[in-house]
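Some notes on the structure that comes next.
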There are 2 protein chains.
Amino acid sequence: MSDEVSALQREIGQKRPFRSRSQEAVLGILRTADVVRRYLARVLEPYDVTPQQYNVLRILRGAGTEGLPTLTIGERMLEDSPGVTRLIDRLVAKGMVSRQRSREDRRQVLCRIAPPGLDLLGQINGLVDARDDDALGMLTPDEQKELIRLLDRIRAHHQA
Amino acid sequence: MSDEVSALQREIGQKRPFRSRSQEAVLGILRTADVVRRYLARVLEPYDVTPQQYNVLRILRGAGTEGLPTLTIGERMLEDSPGVTRLIDRLVAKGMVSRQRSREDRRQVLCRIAPPGLDLLGQINGLVDARDDDALGMLTPDEQKELIRLLDRIRAHHQA
DNA sequence: ACGACATACTTGACATGTCAACCATTCATC
DNA sequence: GATGAATGGTTGACATGTCAAGTATGTCGT
């Protein structure tokens with residue numbers, strides 16, 4: 001570790017250097033995710049939809065007319081089912097998603113995107129895409145590629 | 001963009017390639033942060049302290065006996081004051097933090113770490129440090145350095 | 001066919017973020 | 001030095017995570 005004061009140290013008002021490079025990297029990941037998450041939330045705000053709700057709508061659009069069971073949605077979002085149930089409760093209340101018990105397995109509840117949900121996605125897709133580019137635009141394509149690679153490695157290690 | 005299916009695509013069950021490298025990188029950051037956050041939370045769980053509470057305790061230990069005003073804590077955590085107030089409410093309830101109105105500026109509330117809080121930090125510091133190393137240990141020191149640099153660039157761009 | 005176990009949720013309780021509204025104190029400026 | 005604006009915090013309301021417990025359905029072994 002160098003003796004210089006890192007950017008992150010300044011951000012969190014910490015005088016003493018990080019104990020390890022790992023520690024600095026971990027805090028960097030968490031903090032950057034917070035910054036990016038808030039940045040994305042702001043573009044969705046005018047449409048009265050949260051990032052997670054947007055996320056679910058995109059997943060359901062990808063699933064097509066058959067819909068997806070609650071737990072499958074949760075796996076893709078890395079979220080436990082209680083959170084998913086309630087998230088979808090709100091989307092159903094807004095008329096953007098419909099729910100129906102599966103016939104093959106009556107324990108499952110299939111969630112499908114409804115026309116108003118598709119409309120909303122149509123309206124804001126472009127905005128969110130542009131926002132992603134803005135959020136990472138300060139990195140060159142090669143740097144983005146390297147970042148993706150490093151993050152993939154971290155997650156791969158944690159799946160086992 | 002290549003035609004290969006990326007690691008992240010597989011994780012989220014998405015068949016169609018990402019619209020842009022930026023989009024893949026943004027999702028990678030958010031998802032990796034979730035994974036790492038949960039990993040850290042598990043080591044704190046037995047001590048009945050959440051990652052955010054641990055975070056505040058470390059900040060307050062760094063601040064020494066004078067303590068810090070609520071808003072200053074919030075800035076360092078990237079959190080708004082309502083969240084900080086309630087977070088500290090819980091730490092006060094556990095006896096790990098004490099609060100006192102400042103004499104110079106009676107609007108401010110100075111928060112200080114109490115002896116039980118210091119004890120707790122003493123018990124779990126080493127565990128958390130080791131956990132950080134575990135969380136990022138699959139990357140070489142140079143890779144960690146590069147990751148830190150890339151994340152710093154992203155945040156720097158968003159502060160303006 | 002029946003009971004034990006597993007699966008797919010749902011509900012309740014609580015921590016965390018975030019917005020809007022509010023109170024107390026301080027500052028700026030006339 | 002009184003008054004209106006700014007600052008520091010708290011409270012209320014609601015979305016999101018997460019654990020524990022409960023319900024309905026399905027599966028398996030015998």
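The way I read the labels, and the way they are meant: chains A, B, ... in the order of the structure tokens, residue 1 as the first residue of every chain, and ligand 1 as the first ligand shown, with later ones counted on from there.
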
Per-residue DSSP, chain A, filtered to strand (DSSP E), as JSON, numbers by chain: {"A": [68, 69, 97, 98, 99, 100, 101, 109, 110, 111, 112, 113]}

Tell me, counting only C-alpha atoms (C1' of nucleotides), for each residue of chain B within 12 Å of chain D, which pair of atoms is nearest and how far apart they are in Å to one decimal, in rows ordered by chain and increasing number, as a tab-separated table.
```
residue	atom	partner	partner_atom	distance
B:Asp34	CA	D:DG17	C1'	10.7
B:Arg37	CA	D:DG17	C1'	11.6
B:Arg38	CA	D:DT18	C1'	10.4
B:Ala41	CA	D:DT18	C1'	11.0
B:Arg42	CA	D:DT18	C1'	11.8
B:Glu45	CA	D:DC19	C1'	11.4
B:Thr50	CA	D:DT18	C1'	11.5
B:Pro69	CA	D:DG8	C1'	8.7
B:Thr70	CA	D:DG9	C1'	7.8
B:Leu71	CA	D:DG8	C1'	7.3
B:Thr72	CA	D:DG8	C1'	10.3
B:Gly74	CA	D:DG9	C1'	11.8
B:Asp80	CA	D:DG9	C1'	11.1
B:Ser81	CA	D:DG9	C1'	7.6
B:Pro82	CA	D:DT10	C1'	7.4
B:Gly83	CA	D:DT10	C1'	10.5
B:Val84	CA	D:DG9	C1'	10.2
B:Thr85	CA	D:DT10	C1'	7.6
B:Arg86	CA	D:DT10	C1'	9.3
B:Asp89	CA	D:DT10	C1'	11.1
B:Arg101	CA	D:DG9	C1'	10.7
B:Ser102	CA	D:DG8	C1'	11.1
B:Asp105	CA	D:DG8	C1'	9.3
B:Arg106	CA	D:DG8	C1'	9.0
B:Arg107	CA	D:DG8	C1'	5.3
B:Gln108	CA	D:DG8	C1'	5.7
B:Val109	CA	D:DG9	C1'	7.8
B:Leu110	CA	D:DG8	C1'	11.1
```

With N, CA and C atoms retained, write the just-selected residues as an mmCIF file, in the first residue's frame.
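Written out: again-v1.cif:
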```
data_model
loop_
_atom_site.group_PDB
_atom_site.id
_atom_site.type_symbol
_atom_site.label_atom_id
_atom_site.label_comp_id
_atom_site.auth_asym_id
_atom_site.auth_seq_id
_atom_site.Cartn_x
_atom_site.Cartn_y
_atom_site.Cartn_z
ATOM 1 N N ASP B 34 -24.376 -6.064 -4.086
ATOM 2 C CA ASP B 34 -25.350 -6.849 -3.324
ATOM 3 C C ASP B 34 -24.704 -8.109 -2.767
ATOM 4 N N ARG B 37 -22.195 -7.176 -0.009
ATOM 5 C CA ARG B 37 -22.879 -6.675 1.180
ATOM 6 C C ARG B 37 -23.443 -7.824 2.013
ATOM 7 N N ARG B 38 -24.069 -8.759 1.330
ATOM 8 C CA ARG B 38 -24.619 -9.890 2.075
ATOM 9 C C ARG B 38 -23.522 -10.734 2.701
ATOM 10 N N ALA B 41 -22.480 -9.017 5.768
ATOM 11 C CA ALA B 41 -23.525 -9.039 6.788
ATOM 12 C C ALA B 41 -23.479 -10.338 7.584
ATOM 13 N N ARG B 42 -23.159 -11.430 6.892
ATOM 14 C CA ARG B 42 -23.198 -12.724 7.580
ATOM 15 C C ARG B 42 -22.176 -12.811 8.700
ATOM 16 N N GLU B 45 -23.649 -10.868 11.761
ATOM 17 C CA GLU B 45 -24.912 -11.370 12.283
ATOM 18 C C GLU B 45 -24.827 -11.898 13.722
ATOM 19 N N THR B 50 -25.754 -4.691 12.411
ATOM 20 C CA THR B 50 -25.884 -4.686 10.956
ATOM 21 C C THR B 50 -24.665 -4.005 10.347
ATOM 22 N N PRO B 69 -21.388 15.424 14.686
ATOM 23 C CA PRO B 69 -22.801 15.774 14.502
ATOM 24 C C PRO B 69 -23.463 14.792 13.539
ATOM 25 N N THR B 70 -24.743 14.615 13.697
ATOM 26 C CA THR B 70 -25.513 13.666 12.901
ATOM 27 C C THR B 70 -25.290 13.835 11.396
ATOM 28 N N LEU B 71 -25.367 15.061 10.922
ATOM 29 C CA LEU B 71 -25.253 15.262 9.475
ATOM 30 C C LEU B 71 -23.885 14.882 8.935
ATOM 31 N N THR B 72 -22.848 15.119 9.727
ATOM 32 C CA THR B 72 -21.501 14.757 9.282
ATOM 33 C C THR B 72 -21.391 13.245 9.110
ATOM 34 N N GLY B 74 -23.844 11.330 8.370
ATOM 35 C CA GLY B 74 -24.605 11.030 7.165
ATOM 36 C C GLY B 74 -23.801 11.284 5.900
ATOM 37 N N ASP B 80 -28.998 10.077 4.033
ATOM 38 C CA ASP B 80 -29.702 11.277 4.479
ATOM 39 C C ASP B 80 -29.908 11.238 5.976
ATOM 40 N N SER B 81 -30.136 12.406 6.547
ATOM 41 C CA SER B 81 -30.187 12.487 7.996
ATOM 42 C C SER B 81 -31.288 11.657 8.638
ATOM 43 N N PRO B 82 -32.472 11.538 8.034
ATOM 44 C CA PRO B 82 -33.482 10.731 8.734
ATOM 45 C C PRO B 82 -32.990 9.318 9.006
ATOM 46 N N GLY B 83 -32.358 8.738 8.039
ATOM 47 C CA GLY B 83 -31.826 7.397 8.239
ATOM 48 C C GLY B 83 -30.786 7.366 9.336
ATOM 49 N N VAL B 84 -29.941 8.370 9.372
ATOM 50 C CA VAL B 84 -28.890 8.404 10.380
ATOM 51 C C VAL B 84 -29.500 8.550 11.775
ATOM 52 N N THR B 85 -30.452 9.438 11.913
ATOM 53 C CA THR B 85 -31.094 9.628 13.215
ATOM 54 C C THR B 85 -31.606 8.302 13.759
ATOM 55 N N ARG B 86 -32.318 7.560 12.923
ATOM 56 C CA ARG B 86 -32.910 6.310 13.413
ATOM 57 C C ARG B 86 -31.879 5.211 13.623
ATOM 58 N N ASP B 89 -30.506 6.054 16.854
ATOM 59 C CA ASP B 89 -31.492 5.714 17.887
ATOM 60 C C ASP B 89 -31.266 4.280 18.373
ATOM 61 N N ARG B 101 -26.393 17.295 22.966
ATOM 62 C CA ARG B 101 -26.480 18.505 22.162
ATOM 63 C C ARG B 101 -25.174 19.308 22.288
ATOM 64 N N SER B 102 -24.715 19.861 21.190
ATOM 65 C CA SER B 102 -23.481 20.643 21.207
ATOM 66 C C SER B 102 -23.700 21.970 21.932
ATOM 67 N N ASP B 105 -23.064 25.081 19.119
ATOM 68 C CA ASP B 105 -24.202 25.249 18.212
ATOM 69 C C ASP B 105 -25.292 24.308 18.681
ATOM 70 N N ARG B 106 -26.278 24.872 19.335
ATOM 71 C CA ARG B 106 -27.272 24.020 19.988
ATOM 72 C C ARG B 106 -28.197 23.300 18.996
ATOM 73 N N ARG B 107 -28.012 23.554 17.694
ATOM 74 C CA ARG B 107 -28.783 22.759 16.735
ATOM 75 C C ARG B 107 -28.151 21.389 16.536
ATOM 76 N N GLN B 108 -26.865 21.333 16.730
ATOM 77 C CA GLN B 108 -26.168 20.075 16.466
ATOM 78 C C GLN B 108 -26.325 19.074 17.612
ATOM 79 N N VAL B 109 -26.327 17.804 17.244
ATOM 80 C CA VAL B 109 -26.333 16.722 18.219
ATOM 81 C C VAL B 109 -25.060 15.925 18.012
ATOM 82 N N LEU B 110 -24.207 15.907 19.009
ATOM 83 C CA LEU B 110 -22.947 15.186 18.870
ATOM 84 C C LEU B 110 -23.128 13.738 19.307
#
```

DSSP-assigned alpha helix (DSSP H) among chain B, expressed as an MDAnalysis selection string: chainID B and resid 7:11 21:44 51:63 70:77 81:93 115:136 141:159

Report the closest atom pair, with its distance in Å rounded to one decimal, for each residue of chain C that has an atom no farther than 10 Å from chain A; count only C-alpha atoms (C1' of nucleotides), sort by chain and then rising residue number, and write it as a tab-separated table.
```
residue	atom	partner	partner_atom	distance
C:DT7	C1'	A:Arg107	CA	8.0
C:DA8	C1'	A:Arg107	CA	5.3
C:DC9	C1'	A:Arg107	CA	7.0
C:DT10	C1'	A:Pro82	CA	7.4
C:DT11	C1'	A:Pro82	CA	8.7
```

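Atom to atom, atom CA of B:Leu87 and atom CA of A:Leu87 stand 24.1 Å apart.
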
Neighbours of stretch 153-158 of chain A within 8 Å (only C-alpha atoms (C1' of nucleotides); same-chain residues fewer than 4 positions away dropped), as a compact mmCIF listing (two decimals) with C-alpha atoms, in the first residue's frame?
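Heads up, here's the output in out15.txt:
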```
# COMPACT_ATOMS: atom_id res chain seq x y z
CA ARG A 149 -14.32 -8.84 -16.03
CA THR B 32 -21.59 -7.33 -7.11
CA VAL B 35 -23.31 -10.03 -3.19
CA ALA B 135 -14.35 -11.21 -0.45
CA LEU B 136 -11.70 -9.91 -2.84
CA MET B 138 -9.60 -13.99 -5.94
CA LEU B 139 -8.12 -10.84 -7.47
```

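Between atom CA of A:Glu104 and atom C1' of C:DC5 there is a distance of 20.7 Å.
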
Contact residues (chain B, partner chain A, 8 Å, only C-alpha atoms) as a ChimeraX atom specification: /B:7-8,11-14,19-26,28-37,62,75-78,129,132-133,135-139,141,143-145,147-148,150-155,157-158

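Atom to atom, atom CA of A:Tyr54 and atom CA of B:Phe18 stand 16.1 Å apart.
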